[in-house]
Amino acid sequence: MSTQYYAPHGGLPAQTQLLTDRAVFTDAYAVIPKGVMQDIVTSFLPFWTGTRLWVLSRPLSGFAETFSQYIMEVQPGGGSDRPEDDPEAQAVLFVVEGTATLEVAGSIHELTPGGYAYLPPSENWTLHNNSDEVLRFHWIRKAYQRVEGLDAPDVLILNENDIAPTPMPDTDGKWATTRFVDPADLRHDMHVTVVTFEPGGIIPFLETHVMEHGLYVLEGKAAYRLNQDWVEVEAGDFMWLRAFCPQACYAGGPGRFRYLLYKDVNRHMPLRLGGGR
């Protein structure tokens, strides 16, 4: 089956369009529908040329606590020789449209749709669009939580299309996860995966857990349970779920329902406000 990824292209709705939409912001979850991602809400970054971005999440009181997530849009010839200004920031890049030329650790890589890169903290890297097509990719950033006795992870360059999804037990393959990182590798304090539901697939219980989530819908549509509410989501929508927000999913079809998932993992819980141990 061919792989498809939704990406915003901007623009601005007509003056005749109704204001009603599916945007929701609560203290337990948020839904940012694809219709929000218009020209007027884009941002820009220092040292990036020919580039704009949509900010999906950022650390904020009452919102995301552990990560930020951008959708980057880089025009032909654009990019950056100095993309990151925080030495503690690690990154995952996931390409949804176009081709990214990534230089890291002395090697040059061409990332096409489905391309994934893990970039450790303090790693020097550059990224450019040397093609004739617009490049769009997700950039997920998290301050790395160092642990004495564990090295930082290595650079990883992969592509989703080369990785066999892992079916969840007892689901007859209706629910599967494409993993880019070995779950047993405790050097990693975040996982970014692709979750796939075949039509009729479900999360059959209200997941309630400590991991914070960011979910960007890459393909299809579904009904998603967030706290006490059922919401309809489709390709291009973003969901943020705070720690312990109950969640479940029903993917009614007609096609697959797929999303890019962030979660924080593998570290002790801070025992003091502000992150102290």
# chains A, B, ... in the order shown; residues from 1 in each chain; ligands from 1
>>> residues_around(residues="Pro13 in chain A", least_positions_apart="6", cutoff="12 Å", atoms="only C-alpha atoms", output="JSON, numbers by chain")
{"A": [19, 35, 36, 37, 38, 39, 40]}
>>> residues_around(residues="range 43-57 of chain A", least_positions_apart="5", cutoff="8 Å", atoms="only C-alpha atoms", output="ChimeraX atom specification")
/A:32,37,63-64,67-83,238,240
>>> residues_around(residues="range 90-93 of chain A", least_positions_apart="3", cutoff="6 Å", atoms="only C-alpha atoms", output="PyMOL selection string")
chain A and resi 116-121+138-142
>>> write_last_selection(atoms="C-alpha atoms", output="PDB file, in the first residue's frame")
ATOM      1  CA  TYR A 116      13.584  10.214   9.816  1.00  0.00           C
ATOM      2  CA  ALA A 117      16.646  11.716  11.509  1.00  0.00           C
ATOM      3  CA  TYR A 118      17.509  11.644  15.208  1.00  0.00           C
ATOM      4  CA  LEU A 119      20.006  14.393  16.100  1.00  0.00           C
ATOM      5  CA  PRO A 120      21.598  14.285  19.581  1.00  0.00           C
ATOM      6  CA  PRO A 121      22.183  17.404  21.694  1.00  0.00           C
ATOM      7  CA  HIS A 138       8.269  17.967  11.212  1.00  0.00           C
ATOM      8  CA  TRP A 139      10.912  19.129  13.675  1.00  0.00           C
ATOM      9  CA  ILE A 140      10.403  17.842  17.223  1.00  0.00           C
ATOM     10  CA  ARG A 141      12.712  19.279  19.884  1.00  0.00           C
ATOM     11  CA  LYS A 142      13.255  18.228  23.502  1.00  0.00           C
TER      12      LYS A 142
END
>>> residues_around(residues="Glu234 in chain A", least_positions_apart="2", cutoff="8 Å", atoms="only C-alpha atoms", output="PyMOL selection string")
chain A and resi 217+219-222+232+236-237
>>> atom_distance(atom1="CA of Asn266 in chain A", atom2="CA of Val195 in chain A")
19.7 Å
>>> closest_residue(among="A:Ala152, A:Ile157, A:Ala243, A:Ala248", to="Leu111 in chain A", atoms="only C-alpha atoms")
A:Ile157
>>> select_by_dssp(residues="range 19-189 of chain A", states="strand (DSSP E or B)", output="PyMOL selection string")
chain A and resi 24-25+29-32+43+49-57+68-80+89-97+100-104+107-111+115-119+125-128+135-143+156-159+166-167+175-179
>>> closest_residue(among="A:Tyr250, A:Phe137, A:Tyr224, A:Tyr259", to="Ala30 in chain A", atoms="only C-alpha atoms")
A:Tyr224
>>> closest_residue(among="A:Asn129, A:Thr26, A:Gln17, A:Ser122", to="Ser61 in chain A", atoms="only C-alpha atoms")
A:Thr26
>>> closest_residue(among="A:Arg187, A:His9, A:Lys263, A:Arg136", to="Ala100 in chain A", atoms="only C-alpha atoms")
A:Arg136
>>> atom_distance(atom1="CA of Asn227 in chain A", atom2="CA of Leu60 in chain A")
19.7 Å
>>> decode(residues="range 174-191 of chain A", atoms="N, CA, C and O atoms", output="short mmCIF file (atom, residue, chain, number, x, y, z; two decimals), in the first residue's frame")
data_model
loop_
_atom_site.label_atom_id
_atom_site.label_comp_id
_atom_site.auth_asym_id
_atom_site.auth_seq_id
_atom_site.Cartn_x
_atom_site.Cartn_y
_atom_site.Cartn_z
N LYS A 174 -4.51 -4.93 13.21
CA LYS A 174 -5.30 -3.72 13.00
C LYS A 174 -4.63 -2.48 13.59
O LYS A 174 -4.97 -1.35 13.21
N TRP A 175 -3.73 -2.68 14.54
CA TRP A 175 -3.07 -1.57 15.25
C TRP A 175 -1.58 -1.91 15.29
O TRP A 175 -1.20 -2.96 15.81
N ALA A 176 -0.74 -1.05 14.72
CA ALA A 176 0.69 -1.34 14.65
C ALA A 176 1.49 -0.04 14.83
O ALA A 176 0.99 1.05 14.58
N THR A 177 2.74 -0.21 15.24
CA THR A 177 3.62 0.92 15.49
C THR A 177 4.93 0.73 14.73
O THR A 177 5.56 -0.32 14.83
N THR A 178 5.32 1.75 13.98
CA THR A 178 6.63 1.77 13.33
C THR A 178 7.60 2.47 14.25
O THR A 178 7.46 3.66 14.54
N ARG A 179 8.60 1.73 14.72
CA ARG A 179 9.55 2.24 15.72
C ARG A 179 10.89 2.52 15.06
O ARG A 179 11.44 1.69 14.34
N PHE A 180 11.43 3.70 15.32
CA PHE A 180 12.72 4.09 14.78
C PHE A 180 13.85 3.86 15.78
O PHE A 180 15.03 3.89 15.40
N VAL A 181 13.50 3.67 17.04
CA VAL A 181 14.47 3.52 18.12
C VAL A 181 14.15 2.24 18.88
O VAL A 181 12.97 1.91 19.11
N ASP A 182 15.16 1.51 19.27
CA ASP A 182 14.99 0.32 20.09
C ASP A 182 14.42 0.72 21.45
O ASP A 182 15.06 1.50 22.18
N PRO A 183 13.24 0.23 21.85
CA PRO A 183 12.67 0.63 23.15
C PRO A 183 13.56 0.28 24.34
O PRO A 183 13.42 0.89 25.40
N ALA A 184 14.46 -0.67 24.16
CA ALA A 184 15.36 -1.06 25.26
C ALA A 184 16.58 -0.17 25.38
O ALA A 184 17.37 -0.32 26.32
N ASP A 185 16.77 0.78 24.46
CA ASP A 185 17.91 1.68 24.49
C ASP A 185 17.58 2.85 25.41
O ASP A 185 16.95 3.82 25.00
N LEU A 186 18.02 2.77 26.66
CA LEU A 186 17.66 3.77 27.66
C LEU A 186 18.42 5.08 27.53
O LEU A 186 18.18 6.01 28.30
N ARG A 187 19.31 5.17 26.56
CA ARG A 187 19.91 6.48 26.29
C ARG A 187 18.85 7.46 25.80
O ARG A 187 18.99 8.67 26.01
N HIS A 188 17.83 6.97 25.14
CA HIS A 188 16.79 7.83 24.59
C HIS A 188 15.76 8.21 25.65
O HIS A 188 15.27 7.34 26.37
N ASP A 189 15.45 9.50 25.73
CA ASP A 189 14.41 9.95 26.67
C ASP A 189 13.16 10.44 25.95
O ASP A 189 12.29 11.05 26.55
N MET A 190 13.10 10.19 24.64
CA MET A 190 11.86 10.42 23.90
C MET A 190 11.79 9.42 22.75
O MET A 190 12.82 8.97 22.24
N HIS A 191 10.57 9.07 22.39
CA HIS A 191 10.33 8.23 21.22
C HIS A 191 9.40 8.98 20.28
O HIS A 191 8.42 9.60 20.72
#
